[in-house]
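Structure first, then comments.
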Amino acid sequence: MTGNDSTKTTTVTQATLVKKTRERLAYRPADVSPLRRVQRRYTMRRWSVRHARFLEWVYARFSSLFLALHPFWNAVGYARAEKPVKFVERQVKGLMFDCRMCGQCILSSTGMSCPMNCPKQLRNGPCGGVRANGHCEVEPDMPCVWVKAWEGAQAMRNGDAILDVQKPVDQSLRESSAWLRVTARAAQERENAAGSSAA
Ligand code: SF4
């Protein structure tokens with residue numbers, strides 16, 4: 001046997017061993033497919049849309065509570081409260097809506113379907129490329145956020161708000177808390193109204 005023959009025999013033997021080991025370890029859990037895995041990513045989003053009316057009710061109470069806490073936010077300072085509130089907002093809305101922290105939330109007008117998940121970031125309805133199955137033309141596995149928005153809006157008490165024309169996204173507000181912004185604005189409007197009725 002020559003030196004070359006010896007090397008060849010060893011290589012073949014190792015490759016065979018590796019292949020046999022791989023075959024033995026191959027584990028394929030039942031009922032798992034790449035498509036199912038992808039669609040699971042949208043499970044919470046879909047749940048939120050299906051429960052849009054309930055979430056609308058929850059948000060109404062939540063925003064009232066935040067507004068009632070206006071003196072507290074004022075005492076702490078809205079700027080100082082921003083960081084912790086933003087952290088909580090990101091976790092909660094990230095889980096439920098795949099929130100992208102645009103800072104100017106319009107979930108109440110979009111059936112609890114976040115429009116910032118649209119690859120084109122359209123804020124006033126779908127593009128012309130929605131597929132026949134209601135999925136996105138850019139991400140075929142993803143349900144069109146505007147198809148879902150329409151479904152969610154049908155269940156909501158203020159579902160007609162989906163017809164409101166939305167302003168373009170103000171990119172300077174990204175990564176800021178929409179909860180605090182809405183609260184500060186509502187408090188300001190309340191004070192303005194109280195001032196004008198007293199005058
Ligand atoms: S509209 Fe903006 S703030 Fe609201 S869930 Fe979507 S990314 Fe987040």
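We label chains A, B, ... in the order they appear in the structure tokens, count residues from 1 in each chain, and number ligands from 1 in the order shown.
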Give me, as an mmCIF file with N, CA and C atoms, in the first residue's frame, the set of residues whose atoms come within 8 Å of any atom of ligand 1, counting only C-alpha atoms and all ligand atoms.
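And here's part_12.cif as it stands now:
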```
data_model
loop_
_atom_site.group_PDB
_atom_site.id
_atom_site.type_symbol
_atom_site.label_atom_id
_atom_site.label_comp_id
_atom_site.auth_asym_id
_atom_site.auth_seq_id
_atom_site.Cartn_x
_atom_site.Cartn_y
_atom_site.Cartn_z
ATOM 1 N N ARG A 90 -41.996 50.461 25.096
ATOM 2 C CA ARG A 90 -41.366 49.636 24.064
ATOM 3 C C ARG A 90 -41.633 48.141 24.312
ATOM 4 N N LYS A 93 -45.739 47.510 23.925
ATOM 5 C CA LYS A 93 -46.239 47.651 22.549
ATOM 6 C C LYS A 93 -45.419 46.821 21.570
ATOM 7 N N GLY A 94 -44.164 46.575 21.927
ATOM 8 C CA GLY A 94 -43.359 45.709 21.073
ATOM 9 C C GLY A 94 -43.933 44.303 21.054
ATOM 10 N N PHE A 97 -47.843 44.699 19.478
ATOM 11 C CA PHE A 97 -48.104 45.266 18.143
ATOM 12 C C PHE A 97 -46.874 45.269 17.234
ATOM 13 N N ASP A 98 -45.757 44.731 17.723
ATOM 14 C CA ASP A 98 -44.488 44.890 16.991
ATOM 15 C C ASP A 98 -44.196 46.376 16.757
ATOM 16 N N CYS A 99 -44.429 47.153 17.800
ATOM 17 C CA CYS A 99 -44.256 48.614 17.733
ATOM 18 C C CYS A 99 -42.834 48.982 17.320
ATOM 19 N N ARG A 100 -42.721 49.977 16.453
ATOM 20 C CA ARG A 100 -41.398 50.444 15.999
ATOM 21 C C ARG A 100 -41.017 51.781 16.628
ATOM 22 N N MET A 101 -41.777 52.175 17.665
ATOM 23 C CA MET A 101 -41.494 53.412 18.416
ATOM 24 C C MET A 101 -41.387 54.629 17.498
ATOM 25 N N CYS A 102 -42.412 54.837 16.708
ATOM 26 C CA CYS A 102 -42.403 56.019 15.827
ATOM 27 C C CYS A 102 -42.670 57.285 16.635
ATOM 28 N N GLY A 103 -43.235 57.117 17.850
ATOM 29 C CA GLY A 103 -43.446 58.273 18.714
ATOM 30 C C GLY A 103 -44.727 59.037 18.423
ATOM 31 N N GLN A 104 -45.492 58.616 17.426
ATOM 32 C CA GLN A 104 -46.752 59.295 17.090
ATOM 33 C C GLN A 104 -47.788 58.210 16.775
ATOM 34 N N CYS A 105 -48.218 57.579 17.848
ATOM 35 C CA CYS A 105 -49.026 56.364 17.714
ATOM 36 C C CYS A 105 -50.408 56.643 17.135
ATOM 37 N N ILE A 106 -50.789 55.804 16.159
ATOM 38 C CA ILE A 106 -52.131 55.946 15.593
ATOM 39 C C ILE A 106 -52.888 54.612 15.646
ATOM 40 N N LEU A 107 -52.495 53.766 16.599
ATOM 41 C CA LEU A 107 -53.154 52.460 16.710
ATOM 42 C C LEU A 107 -54.669 52.587 16.865
ATOM 43 N N MET A 112 -55.774 48.762 15.736
ATOM 44 C CA MET A 112 -54.721 48.146 16.556
ATOM 45 C C MET A 112 -53.700 47.378 15.706
ATOM 46 N N SER A 113 -53.583 47.761 14.455
ATOM 47 C CA SER A 113 -52.549 47.179 13.589
ATOM 48 C C SER A 113 -51.543 48.289 13.299
ATOM 49 N N CYS A 114 -50.303 48.082 13.698
ATOM 50 C CA CYS A 114 -49.316 49.167 13.595
ATOM 51 C C CYS A 114 -48.892 49.394 12.137
ATOM 52 N N PRO A 115 -49.142 50.592 11.597
ATOM 53 C CA PRO A 115 -48.812 50.848 10.188
ATOM 54 C C PRO A 115 -47.313 50.904 9.921
ATOM 55 N N MET A 116 -46.516 51.054 11.001
ATOM 56 C CA MET A 116 -45.072 51.131 10.780
ATOM 57 C C MET A 116 -44.477 49.764 10.447
ATOM 58 N N ASN A 117 -45.296 48.717 10.551
ATOM 59 C CA ASN A 117 -44.829 47.404 10.111
ATOM 60 C C ASN A 117 -45.010 47.203 8.614
ATOM 61 N N SER A 177 -41.539 58.571 23.567
ATOM 62 C CA SER A 177 -42.760 57.974 24.114
ATOM 63 C C SER A 177 -44.008 58.664 23.586
ATOM 64 N N ALA A 178 -44.827 57.894 22.882
ATOM 65 C CA ALA A 178 -46.115 58.438 22.417
ATOM 66 C C ALA A 178 -47.062 58.619 23.597
#
```
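Residues in contact with range 51-67 of chain A at up to 7 Å, not including ones fewer than 2 positions away on its chain and judged by only C-alpha atoms, are A:Trp47, A:Ser48, A:Val49, A:Leu69, A:His70, A:Ser108, A:Gly111, A:Met112, A:Gly152, A:Ala155, A:Met156, A:Arg157, A:Thr183, A:Ala187.
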Would you export the selected residues with C-alpha atoms as an mmCIF file, in the first residue's frame, please?
```cif
data_model
loop_
_atom_site.group_PDB
_atom_site.id
_atom_site.type_symbol
_atom_site.label_atom_id
_atom_site.label_comp_id
_atom_site.auth_asym_id
_atom_site.auth_seq_id
_atom_site.Cartn_x
_atom_site.Cartn_y
_atom_site.Cartn_z
ATOM 1 C CA TRP A 47 -54.448 38.652 18.474
ATOM 2 C CA SER A 48 -54.332 42.413 19.055
ATOM 3 C CA VAL A 49 -56.328 43.077 15.897
ATOM 4 C CA LEU A 69 -51.045 61.465 36.730
ATOM 5 C CA HIS A 70 -50.192 64.712 34.928
ATOM 6 C CA SER A 108 -56.545 53.816 17.792
ATOM 7 C CA GLY A 111 -57.686 48.824 14.236
ATOM 8 C CA MET A 112 -54.721 48.146 16.556
ATOM 9 C CA GLY A 152 -59.689 45.627 13.532
ATOM 10 C CA ALA A 155 -64.753 45.863 15.632
ATOM 11 C CA MET A 156 -63.922 49.167 17.313
ATOM 12 C CA ARG A 157 -66.324 51.703 18.736
ATOM 13 C CA THR A 183 -50.708 62.940 27.874
ATOM 14 C CA ALA A 187 -53.211 68.170 29.688
#
```
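Distance-wise, CA of Gln171 in chain A and CA of Glu82 in chain A end up 17.4 Å apart.
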Practice prompt. For each of A:Met96, A:Leu173, A:Ile162, A:Leu180, take the minimum atom-to-atom distance to Ala79 in chain A, counting only C-alpha atoms, then give the residue where this is smallest.
Written response: A:Leu180
